Amino acid sequence: QVPGMKEILLMGFYQPHEALSRFLVSAQQEFKIPIRGYLQEYAALGTGGGIYHFRDQILSGGAEAFFVLNADVCSEFPLQEMLEFRQQHGDAHSFVILATTANRTQALNYGCIVVNADTQEVQHYVEKPSTFVSEIINCGIYLFTPAIFQYIGEVFQRNQQELVLEESSNGWQRAEVIRLEQDVFTALAGSGKLYVYKTDGFWSQIKSAGSAIYASRLYLNQYSKSHPERLAQNKPGGPIIRGLCSGVLRAPLFLTSSSPSLSSQLGPNVSIGEGVTVGAGVRVRESIVLHGASLHDHTCVLNTIVGWDSTIGRWARVEGTPSDPNPNDPYAKIDSETLFRDGRLTPSITILGCSVTIPAEVVILNSIVLPHKELSRSYKNQIIL
């Protein structure tokens, strides 16, 4: 949707795999834009070190500007608006940070930005401050020009002089490890080169599995405005759809009883993958059911991600605990819960890995089930290896 967009590059430290390669091929075909294969860092280089390491690939097409998007956020991604904003603020070599508003308490968990209200220039930037600085937070979505590499390069040169082989608390520090936020933005603040485009649209981090269900809700709500054809509708003989934002993105196979009292009910905030089988009397709410899964008659699935090709038996109940932001605070963000708290598994959504089989008439509560497991009994607050 951005005119002049030439290509997409994916980069990171994680090992690439076949599923990612398949996704890139299908996305390239769907969106008709070249996606240059996954560029893997030889070591974890930080948010700035990675793009600096691959700067030749980024600039090889003669880019006038480029976006940098962190992969662990969801948003409306107002990229075209950011381009138009940059044309109106600063000069041809200025940079733009997408920002939003958080509440005063949660703002401490993000990069906080002090902004000139008249010019939208960044005057001060602090990453995860210990005391309150600003309610305006960094969304991890940036618009840069090639000039950014000059500033990252200065950090690299300084690191080479000061940090090469200097032992840190995390082991041996590399000069190539560069953090955009702490090392670059902090230095650029107040220089007239860094500006904020503040969005009122939805934005959230995706730091845990539970946040995926919250992100699904945000997207389904967005689809109700921009792509209503993607949402499920009540149809004769089909399941009962609850809530405006409920969605079935591809047609599953519904085995719904002819008796209205035994009709399956989906929603709110449900996403059903391709080829999913849903029996009679099934109840699904606040969940994601991935392709090929089978929900037998009278199963109840709440606050759960059901993995590919998994099966839930008759009258089974699979339920998790949501970790949603405070619905009464318009600026509340989702908290990044740790997996364990006080030595115990933190109650969260339930996750069934791929090809998991849940027997009939059992309860799985607040648990994580690794792939290819065939359970024989109920579980609560467990990681099932």
# chains A, B, ... in the order shown; residues from 1 in each chain; ligands from 1
call {"tool": "residues_around", "arguments": {"residues": "A:Val114", "least_positions_apart": "6", "cutoff": "10 Å", "atoms": "only C-alpha atoms", "output": "list in words"}}
result
Gln120, Glu121, Val122, Gln123, His124, Tyr125, Val126, Val133, Ser134, Glu135, Ile136, Ile137, Ala189, Gly190 and Val196 of chain A
call {"tool": "select_by_dssp", "arguments": {"residues": "stretch 118-181 of chain A", "states": "helix (DSSP H, G or I)", "output": "ChimeraX atom specification"}}
result
/A:148-162,180-181
call {"tool": "closest_residue", "arguments": {"among": "A:Phe340, A:Tyr214, A:Tyr331, A:Tyr142", "to": "A:Phe77", "atoms": "only C-alpha atoms"}}
result
A:Tyr142
call {"tool": "closest_residue", "arguments": {"among": "A:Leu385, A:Ala99, A:Cys112, A:Leu83", "to": "A:Thr145", "atoms": "only C-alpha atoms"}}
result
A:Leu83
call {"tool": "select_by_dssp", "arguments": {"residues": "stretch 164-234 of chain A", "states": "strand (DSSP E)", "output": "list in words"}}
result
Glu167, Ser168, Gly171, Trp172, Leu194, Tyr195, Val196, Tyr197, Lys198, Trp203, Ser204 and Gln205 of chain A
call {"tool": "closest_residue", "arguments": {"among": "A:Gln205, A:Gln15, A:Asn116, A:Gln382", "to": "A:Gly192", "atoms": "only C-alpha atoms"}}
result
A:Asn116
call {"tool": "closest_residue", "arguments": {"among": "A:Ile51, A:Leu69, A:Cys354, A:Ala107", "to": "A:Ile152", "atoms": "only C-alpha atoms"}}
result
A:Ile51
call {"tool": "residues_around", "arguments": {"residues": "A:Ile334", "least_positions_apart": "3", "cutoff": "10 Å", "atoms": "only C-alpha atoms", "output": "list in words"}}
result
Gln106, Ser204, Gln205, Ile206, Lys207, Ser208, Gly210, Ser211, Tyr214, Ala215, Ser323, Asp324, Pro325, Asn326 and Glu337 of chain A
call {"tool": "write_last_selection", "arguments": {"atoms": "N, CA, C and O atoms", "output": "PDB file, in the first residue's frame"}}
result
ATOM      1  N   GLN A 106       2.998   2.177  33.167  1.00  0.00           N
ATOM      2  CA  GLN A 106       3.539   1.263  32.162  1.00  0.00           C
ATOM      3  C   GLN A 106       4.548   1.920  31.242  1.00  0.00           C
ATOM      4  O   GLN A 106       5.355   1.237  30.611  1.00  0.00           O
ATOM      5  N   SER A 204       0.420  -2.721  19.938  1.00  0.00           N
ATOM      6  CA  SER A 204       0.723  -3.548  21.108  1.00  0.00           C
ATOM      7  C   SER A 204       2.013  -4.311  20.870  1.00  0.00           C
ATOM      8  O   SER A 204       2.353  -4.666  19.741  1.00  0.00           O
ATOM      9  N   GLN A 205       2.733  -4.544  21.944  1.00  0.00           N
ATOM     10  CA  GLN A 205       3.841  -5.484  21.884  1.00  0.00           C
ATOM     11  C   GLN A 205       3.303  -6.904  21.807  1.00  0.00           C
ATOM     12  O   GLN A 205       2.179  -7.184  22.219  1.00  0.00           O
ATOM     13  N   ILE A 206       4.110  -7.807  21.268  1.00  0.00           N
ATOM     14  CA  ILE A 206       3.769  -9.233  21.291  1.00  0.00           C
ATOM     15  C   ILE A 206       4.962  -9.947  21.902  1.00  0.00           C
ATOM     16  O   ILE A 206       5.841 -10.448  21.207  1.00  0.00           O
ATOM     17  N   LYS A 207       5.009  -9.942  23.222  1.00  0.00           N
ATOM     18  CA  LYS A 207       6.156 -10.484  23.944  1.00  0.00           C
ATOM     19  C   LYS A 207       5.891 -11.877  24.498  1.00  0.00           C
ATOM     20  O   LYS A 207       6.803 -12.552  24.953  1.00  0.00           O
ATOM     21  N   SER A 208       4.642 -12.292  24.505  1.00  0.00           N
ATOM     22  CA  SER A 208       4.299 -13.589  25.073  1.00  0.00           C
ATOM     23  C   SER A 208       3.210 -14.211  24.220  1.00  0.00           C
ATOM     24  O   SER A 208       2.573 -13.548  23.398  1.00  0.00           O
ATOM     25  N   GLY A 210       0.343 -15.167  25.200  1.00  0.00           N
ATOM     26  CA  GLY A 210      -0.948 -14.585  25.556  1.00  0.00           C
ATOM     27  C   GLY A 210      -1.252 -13.319  24.784  1.00  0.00           C
ATOM     28  O   GLY A 210      -2.405 -13.024  24.467  1.00  0.00           O
ATOM     29  N   SER A 211      -0.205 -12.564  24.455  1.00  0.00           N
ATOM     30  CA  SER A 211      -0.437 -11.324  23.723  1.00  0.00           C
ATOM     31  C   SER A 211      -0.875 -11.582  22.289  1.00  0.00           C
ATOM     32  O   SER A 211      -1.401 -10.685  21.630  1.00  0.00           O
ATOM     33  N   TYR A 214      -4.609 -11.277  22.298  1.00  0.00           N
ATOM     34  CA  TYR A 214      -4.971  -9.854  22.377  1.00  0.00           C
ATOM     35  C   TYR A 214      -4.739  -9.177  21.030  1.00  0.00           C
ATOM     36  O   TYR A 214      -5.570  -8.394  20.559  1.00  0.00           O
ATOM     37  N   ALA A 215      -3.616  -9.490  20.377  1.00  0.00           N
ATOM     38  CA  ALA A 215      -3.343  -8.921  19.058  1.00  0.00           C
ATOM     39  C   ALA A 215      -4.402  -9.345  18.050  1.00  0.00           C
ATOM     40  O   ALA A 215      -4.825  -8.552  17.205  1.00  0.00           O
ATOM     41  N   SER A 323      -4.362 -12.246  29.832  1.00  0.00           N
ATOM     42  CA  SER A 323      -3.485 -11.233  30.434  1.00  0.00           C
ATOM     43  C   SER A 323      -3.702  -9.902  29.736  1.00  0.00           C
ATOM     44  O   SER A 323      -2.754  -9.219  29.360  1.00  0.00           O
ATOM     45  N   ASP A 324      -4.958  -9.555  29.531  1.00  0.00           N
ATOM     46  CA  ASP A 324      -5.307  -8.359  28.768  1.00  0.00           C
ATOM     47  C   ASP A 324      -5.015  -7.086  29.559  1.00  0.00           C
ATOM     48  O   ASP A 324      -4.996  -7.094  30.796  1.00  0.00           O
ATOM     49  N   PRO A 325      -4.825  -5.969  28.859  1.00  0.00           N
ATOM     50  CA  PRO A 325      -4.691  -4.686  29.550  1.00  0.00           C
ATOM     51  C   PRO A 325      -5.994  -4.291  30.227  1.00  0.00           C
ATOM     52  O   PRO A 325      -7.062  -4.837  29.923  1.00  0.00           O
ATOM     53  N   ASN A 326      -5.899  -3.333  31.133  1.00  0.00           N
ATOM     54  CA  ASN A 326      -7.071  -2.818  31.838  1.00  0.00           C
ATOM     55  C   ASN A 326      -8.043  -2.204  30.829  1.00  0.00           C
ATOM     56  O   ASN A 326      -7.720  -1.202  30.183  1.00  0.00           O
ATOM     57  N   GLU A 337       4.367 -10.674  30.957  1.00  0.00           N
ATOM     58  CA  GLU A 337       4.506 -11.575  32.101  1.00  0.00           C
ATOM     59  C   GLU A 337       5.673 -12.539  31.884  1.00  0.00           C
ATOM     60  O   GLU A 337       5.916 -13.007  30.764  1.00  0.00           O
TER      61      GLU A 337
END
call {"tool": "atom_distance", "arguments": {"atom1": "atom CA of A:Gly313", "atom2": "atom CA of A:Ile272"}}
result
17.6 Å
call {"tool": "atom_distance", "arguments": {"atom1": "atom CA of A:Ala147", "atom2": "atom CA of A:Gln80"}}
result
20.2 Å
call {"tool": "closest_residue", "arguments": {"among": "A:Gly281, A:Gly201, A:Gly111, A:Gly153", "to": "A:Pro129", "atoms": "only C-alpha atoms"}}
result
A:Gly111
call {"tool": "residues_around", "arguments": {"residues": "A:Glu127", "least_positions_apart": "5", "cutoff": "9 Å", "atoms": "only C-alpha atoms", "output": "list of chain:residue names"}}
result
A:Leu108, A:Asn109, A:Tyr110, A:Gly111, A:Cys112, A:Ile113, A:Asn138, A:Glu181, A:Gln182, A:Thr186
call {"tool": "atom_distance", "arguments": {"atom1": "atom CA of A:Thr357", "atom2": "atom CA of A:Ile384"}}
result
12.4 Å
